[in-house]
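Asks: Data: protein-v7.cif, mmCIF, C-alpha atoms and all ligand atoms.
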data_target
#
loop_
_atom_site.label_atom_id
_atom_site.label_comp_id
_atom_site.auth_asym_id
_atom_site.auth_seq_id
_atom_site.Cartn_x
_atom_site.Cartn_y
_atom_site.Cartn_z
CA MET G 1 122.67 90.74 174.38
CA SER G 2 119.15 89.40 174.23
CA THR G 3 116.69 88.78 177.00
CA VAL G 4 114.62 85.60 177.04
CA LEU G 5 111.57 85.08 179.23
CA ILE G 6 110.92 81.46 180.19
CA VAL G 7 107.34 80.82 181.32
CA ASP G 8 106.68 77.38 182.81
CA ASP G 9 105.10 76.22 186.06
CA SER G 10 107.72 73.48 186.39
CA LEU G 11 110.86 74.60 188.16
CA THR G 12 112.66 71.56 186.71
CA VAL G 13 111.77 72.58 183.15
CA ARG G 14 112.83 76.17 183.76
CA LYS G 15 116.19 75.03 185.17
CA MET G 16 116.68 72.68 182.22
CA LEU G 17 115.94 75.43 179.68
CA ILE G 18 118.32 77.78 181.45
CA HIS G 19 120.95 75.06 181.27
CA PHE G 20 120.41 74.80 177.50
CA LEU G 21 121.18 78.47 177.08
CA ARG G 22 124.47 80.01 177.92
CA SER G 23 123.45 82.35 180.69
CA GLY G 24 126.58 84.45 180.30
CA GLU G 25 125.66 85.49 176.76
CA HIS G 26 122.21 86.85 177.44
CA SER G 27 119.86 87.41 180.29
CA ILE G 28 117.07 85.06 181.27
CA ILE G 29 113.92 85.96 183.16
CA GLU G 30 111.58 83.33 184.61
CA ALA G 31 107.88 83.24 185.32
CA SER G 32 105.80 80.32 186.64
CA ASN G 33 102.47 81.27 185.03
CA GLY G 34 100.83 83.74 182.67
CA ILE G 35 99.98 86.32 185.33
CA GLU G 36 103.57 86.42 186.52
CA ALA G 37 104.79 86.64 182.92
CA LEU G 38 102.57 89.68 182.24
CA GLU G 39 104.03 91.35 185.33
CA LYS G 40 107.60 90.56 184.29
CA ILE G 41 107.28 91.99 180.78
CA THR G 42 106.11 95.33 182.14
CA MET G 43 109.36 95.50 184.13
CA HIS G 44 111.88 94.16 181.58
CA PRO G 45 112.04 94.57 177.80
CA ILE G 46 112.33 91.07 176.31
CA ASP G 47 113.43 89.75 172.92
CA LEU G 48 111.82 86.33 173.00
CA MET G 49 109.40 84.37 175.13
CA MET G 50 109.19 80.60 175.64
CA VAL G 51 105.78 79.56 176.94
CA ASP G 52 104.41 76.34 178.41
CA MET G 53 100.75 75.55 177.65
CA ASN G 54 99.43 74.06 180.89
CA MET G 55 99.96 76.34 183.88
CA PRO G 56 97.83 77.42 186.85
CA HIS G 57 96.22 80.89 187.13
CA MET G 58 96.76 81.79 183.46
CA ASP G 59 97.75 79.17 180.90
CA GLY G 60 100.06 79.68 177.94
CA LEU G 61 97.34 80.11 175.33
CA GLU G 62 95.62 82.84 177.32
CA LEU G 63 98.98 84.50 177.97
CA ILE G 64 99.90 84.58 174.29
CA LYS G 65 96.47 85.88 173.28
CA THR G 66 96.69 88.63 175.91
CA ILE G 67 100.17 89.63 174.77
CA ARG G 68 99.27 89.69 171.07
CA GLN G 69 96.43 92.12 171.78
CA GLN G 70 99.02 94.71 172.75
CA PRO G 71 100.57 96.41 169.68
CA VAL G 72 103.98 96.64 171.37
CA TYR G 73 104.14 92.82 171.49
CA GLU G 74 102.68 92.23 168.03
CA ASP G 75 106.02 91.02 166.67
CA LEU G 76 107.53 89.52 169.82
CA PRO G 77 108.95 86.09 168.96
CA ILE G 78 107.05 83.45 170.95
CA ILE G 79 107.90 79.76 171.20
CA MET G 80 105.26 77.48 172.67
CA LEU G 81 106.95 74.54 174.41
CA THR G 82 104.55 71.94 175.74
CA THR G 83 103.85 68.25 176.31
CA GLU G 84 100.64 68.67 174.27
CA SER G 85 101.47 67.03 170.95
CA SER G 86 98.13 66.70 169.15
CA PRO G 87 97.50 68.55 165.87
CA GLU G 88 94.62 70.32 167.64
CA SER G 89 97.01 71.68 170.27
CA HIS G 90 99.40 72.84 167.55
CA ASN G 91 96.54 74.72 165.93
CA LEU G 92 95.51 76.29 169.23
CA GLY G 93 99.08 77.46 169.78
CA PHE G 94 99.39 79.05 166.35
CA GLU G 95 95.90 80.55 166.54
CA ALA G 96 96.81 82.16 169.86
CA GLY G 97 99.84 83.74 168.18
CA ALA G 98 102.86 81.50 168.78
CA ASN G 99 105.55 81.69 166.08
CA VAL G 100 106.99 78.26 166.81
CA TYR G 101 105.45 75.20 168.46
CA LEU G 102 107.72 72.59 170.05
CA THR G 103 106.88 69.55 172.15
CA LYS G 104 108.67 68.37 175.28
CA PRO G 105 111.12 66.83 175.66
CA VAL G 106 112.83 69.20 173.24
CA GLN G 107 116.27 68.59 171.77
CA PRO G 108 118.57 71.47 172.79
CA HIS G 109 119.89 71.81 169.23
CA LEU G 110 116.39 72.19 167.84
CA LEU G 111 115.37 74.72 170.47
CA LEU G 112 118.50 76.80 169.92
CA TYR G 113 118.07 76.59 166.14
CA LYS G 114 114.54 77.96 166.50
CA ILE G 115 115.70 80.73 168.81
CA HIS G 116 118.44 81.67 166.35
CA SER G 117 116.00 81.75 163.49
CA LEU G 118 113.62 83.99 165.44
CA ILE G 119 116.03 86.50 166.94
CA GLY G 120 119.25 85.87 165.03
CA ASP G 121 121.21 85.72 168.26
CA HIS G 122 124.50 84.09 167.28
CA ASN G 123 125.79 84.36 170.80
CA LEU G 124 123.57 81.47 171.83
CA GLU G 125 125.42 78.19 171.68
CA VAL G 126 124.72 74.63 172.66
CA LYS G 127 126.36 73.70 175.92
CA GLN G 128 129.01 71.08 175.35
CA ASP G 129 128.78 69.37 178.72
MG MG G 201 102.98 73.05 182.77
#
Represent the structure of the file as C-alpha cells.
Replies:
Amino acid sequence: MSTVLIVDDSLTVRKMLIHFLRSGEHSIIEASNGIEALEKITMHPIDLMMVDMNMPHMDGLELIKTIRQQPVYEDLPIIMLTTESSPESHNLGFEAGANVYLTKPVQPHLLLYKIHSLIGDHNLEVKQD
C-alpha cells in the first residue's frame, strides 16, 4: 500500500483528486499549503506527492525546492498539478525538482498513468463511476 500526499489550497481540488484514486487501496494525506505539507511529511512516510503551484503561505515551487534539499526526499516522486500552463511555468516546476508536470483540469487516466509510472502501484485504478 502506498501513501500519497495531496497538496492544494483548494478543498474542491483535493476532494476531486481523492475521488480519482481508490482510497481503499492506499492511504491519502492532504495539506492545504507548503508549510502544512512539510509538517505532514515529518509525521507520515509518503511514496508520492502531488503539489499545486499557487498556494498561500508557501507555494508549490518553494515546497518542492525545500523538500529536494533534504537527502531523504531526493528521490521522492513529485507531480506538479497546476493551472499554470505556460512553458515558463513548466520550466520552473522542473527546475524546482518536480518529476512530472500536469495542468488542470487533468484527465484521471493521465494522472493515474503518471502515478503508476512513478511508483509502479498497480493497485491504483480509475474509478468507473
Ligand atoms: Mg492553488
Asks: Quick one: of G:Gly34, G:Gly120, G:Pro56, G:Pro45, who's nearest to ligand MG 201 (chain G), counting all atoms listed in the file?
Replies: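 Among G:Gly34, G:Gly120, G:Pro56, G:Pro45, it is G:Pro56 that comes nearest to ligand MG 201 (chain G).
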Asks: Neighbouring residues of Ile6 (chain G) were defined as those with any atom within 9 Å, considering all atoms listed in the file; residues of the same chain fewer than 3 positions away were excluded. Please report them as a VMD selection string.
Replies: chain G and resid 14 17 to 18 28 to 32 37 48 to 52
Asks: Here is a test: counting only C-alpha atoms and all ligand atoms, which residue of G:Val100, G:Ile79, G:Leu111, G:Met58 is nearest to ligand MG 201 (chain G)?
Replies: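 Result for the nearest residue to ligand MG 201 (chain G): G:Met58.
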Asks: Let me make sure I understand: among G:Lys65, G:His57, G:Lys114, G:His19, which one has the smallest atom-to-atom distance to ligand MG 201 (chain G) if we use all atoms listed in the file?
Replies: G:His57
Asks: How far is it from CA of Pro77 (chain G) to CA of Leu11 (chain G), in Å with one decimal?
Replies: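 One can read the CA of Pro77 (chain G) to CA of Leu11 (chain G) distance as 22.5 Å.
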Asks: Could you please extract the residues within 8 Å of ligand MG 201 (chain G), counting only C-alpha atoms and all ligand atoms, and hand them back as a PyMOL selection string?
Replies: chain G and resi 8-10+52-56+82
Asks: Using only C-alpha atoms, which of the listed residues (G:Ile119, G:Leu81, G:Ser86, G:Leu110) sits closest to Val4 (chain G)?
Replies: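 Looking at the shortest contact to Val4 (chain G), the residue is G:Ile119.
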Asks: Could you tell me how far CA of Ser2 (chain G) sits from CA of Ser85 (chain G), in Å to one decimal place?
Replies: 28.7 Å
Asks: N, CA and C atoms are needed for region 69-90 of chain G; please write them out as a tab-separated table (two decimals), in the coordinates of the input.
Replies:
chain	number	residue	atom	x	y	z
G	69	GLN	N	97.39	91.02	171.87
G	69	GLN	CA	96.43	92.12	171.78
G	69	GLN	C	97.10	93.48	171.96
G	70	GLN	N	98.31	93.46	172.51
G	70	GLN	CA	99.02	94.71	172.75
G	70	GLN	C	99.97	94.97	171.59
G	71	PRO	N	99.77	96.11	170.87
G	71	PRO	CA	100.57	96.41	169.68
G	71	PRO	C	102.08	96.32	169.91
G	72	VAL	N	102.55	96.67	171.09
G	72	VAL	CA	103.98	96.64	171.37
G	72	VAL	C	104.54	95.22	171.30
G	73	TYR	N	103.69	94.23	171.52
G	73	TYR	CA	104.14	92.82	171.49
G	73	TYR	C	103.67	92.06	170.25
G	74	GLU	N	103.19	92.83	169.27
G	74	GLU	CA	102.68	92.23	168.03
G	74	GLU	C	103.71	91.31	167.37
G	75	ASP	N	104.97	91.76	167.38
G	75	ASP	CA	106.02	91.02	166.67
G	75	ASP	C	106.98	90.29	167.61
G	76	LEU	N	106.65	90.23	168.87
G	76	LEU	CA	107.53	89.52	169.82
G	76	LEU	C	107.62	88.04	169.45
G	77	PRO	N	108.83	87.52	169.26
G	77	PRO	CA	108.95	86.09	168.96
G	77	PRO	C	108.50	85.24	170.15
G	78	ILE	N	107.57	84.32	169.89
G	78	ILE	CA	107.05	83.45	170.95
G	78	ILE	C	107.16	81.99	170.53
G	79	ILE	N	107.80	81.21	171.40
G	79	ILE	CA	107.90	79.76	171.20
G	79	ILE	C	107.00	79.08	172.21
G	80	MET	N	106.06	78.28	171.74
G	80	MET	CA	105.26	77.48	172.67
G	80	MET	C	105.97	76.14	172.85
G	81	LEU	N	106.22	75.78	174.10
G	81	LEU	CA	106.95	74.54	174.41
G	81	LEU	C	106.11	73.74	175.40
G	82	THR	N	105.56	72.63	174.94
G	82	THR	CA	104.55	71.94	175.74
G	82	THR	C	104.58	70.43	175.54
G	83	THR	N	103.98	69.70	176.46
G	83	THR	CA	103.85	68.25	176.31
G	83	THR	C	102.67	67.91	175.40
G	84	GLU	N	101.81	68.90	175.11
G	84	GLU	CA	100.64	68.67	174.27
G	84	GLU	C	101.09	68.51	172.82
G	85	SER	N	100.90	67.29	172.28
G	85	SER	CA	101.47	67.03	170.95
G	85	SER	C	100.44	66.83	169.84
G	86	SER	N	99.15	66.94	170.16
G	86	SER	CA	98.13	66.70	169.15
G	86	SER	C	98.10	67.83	168.12
G	87	PRO	N	97.64	67.52	166.90
G	87	PRO	CA	97.50	68.55	165.87
G	87	PRO	C	96.57	69.68	166.35
G	88	GLU	N	95.55	69.31	167.13
G	88	GLU	CA	94.62	70.32	167.64
G	88	GLU	C	95.36	71.32	168.53
G	89	SER	N	96.25	70.80	169.37
G	89	SER	CA	97.01	71.68	170.27
G	89	SER	C	97.94	72.58	169.47
G	90	HIS	N	98.56	72.02	168.43
G	90	HIS	CA	99.40	72.84	167.55
G	90	HIS	C	98.58	74.00	166.99
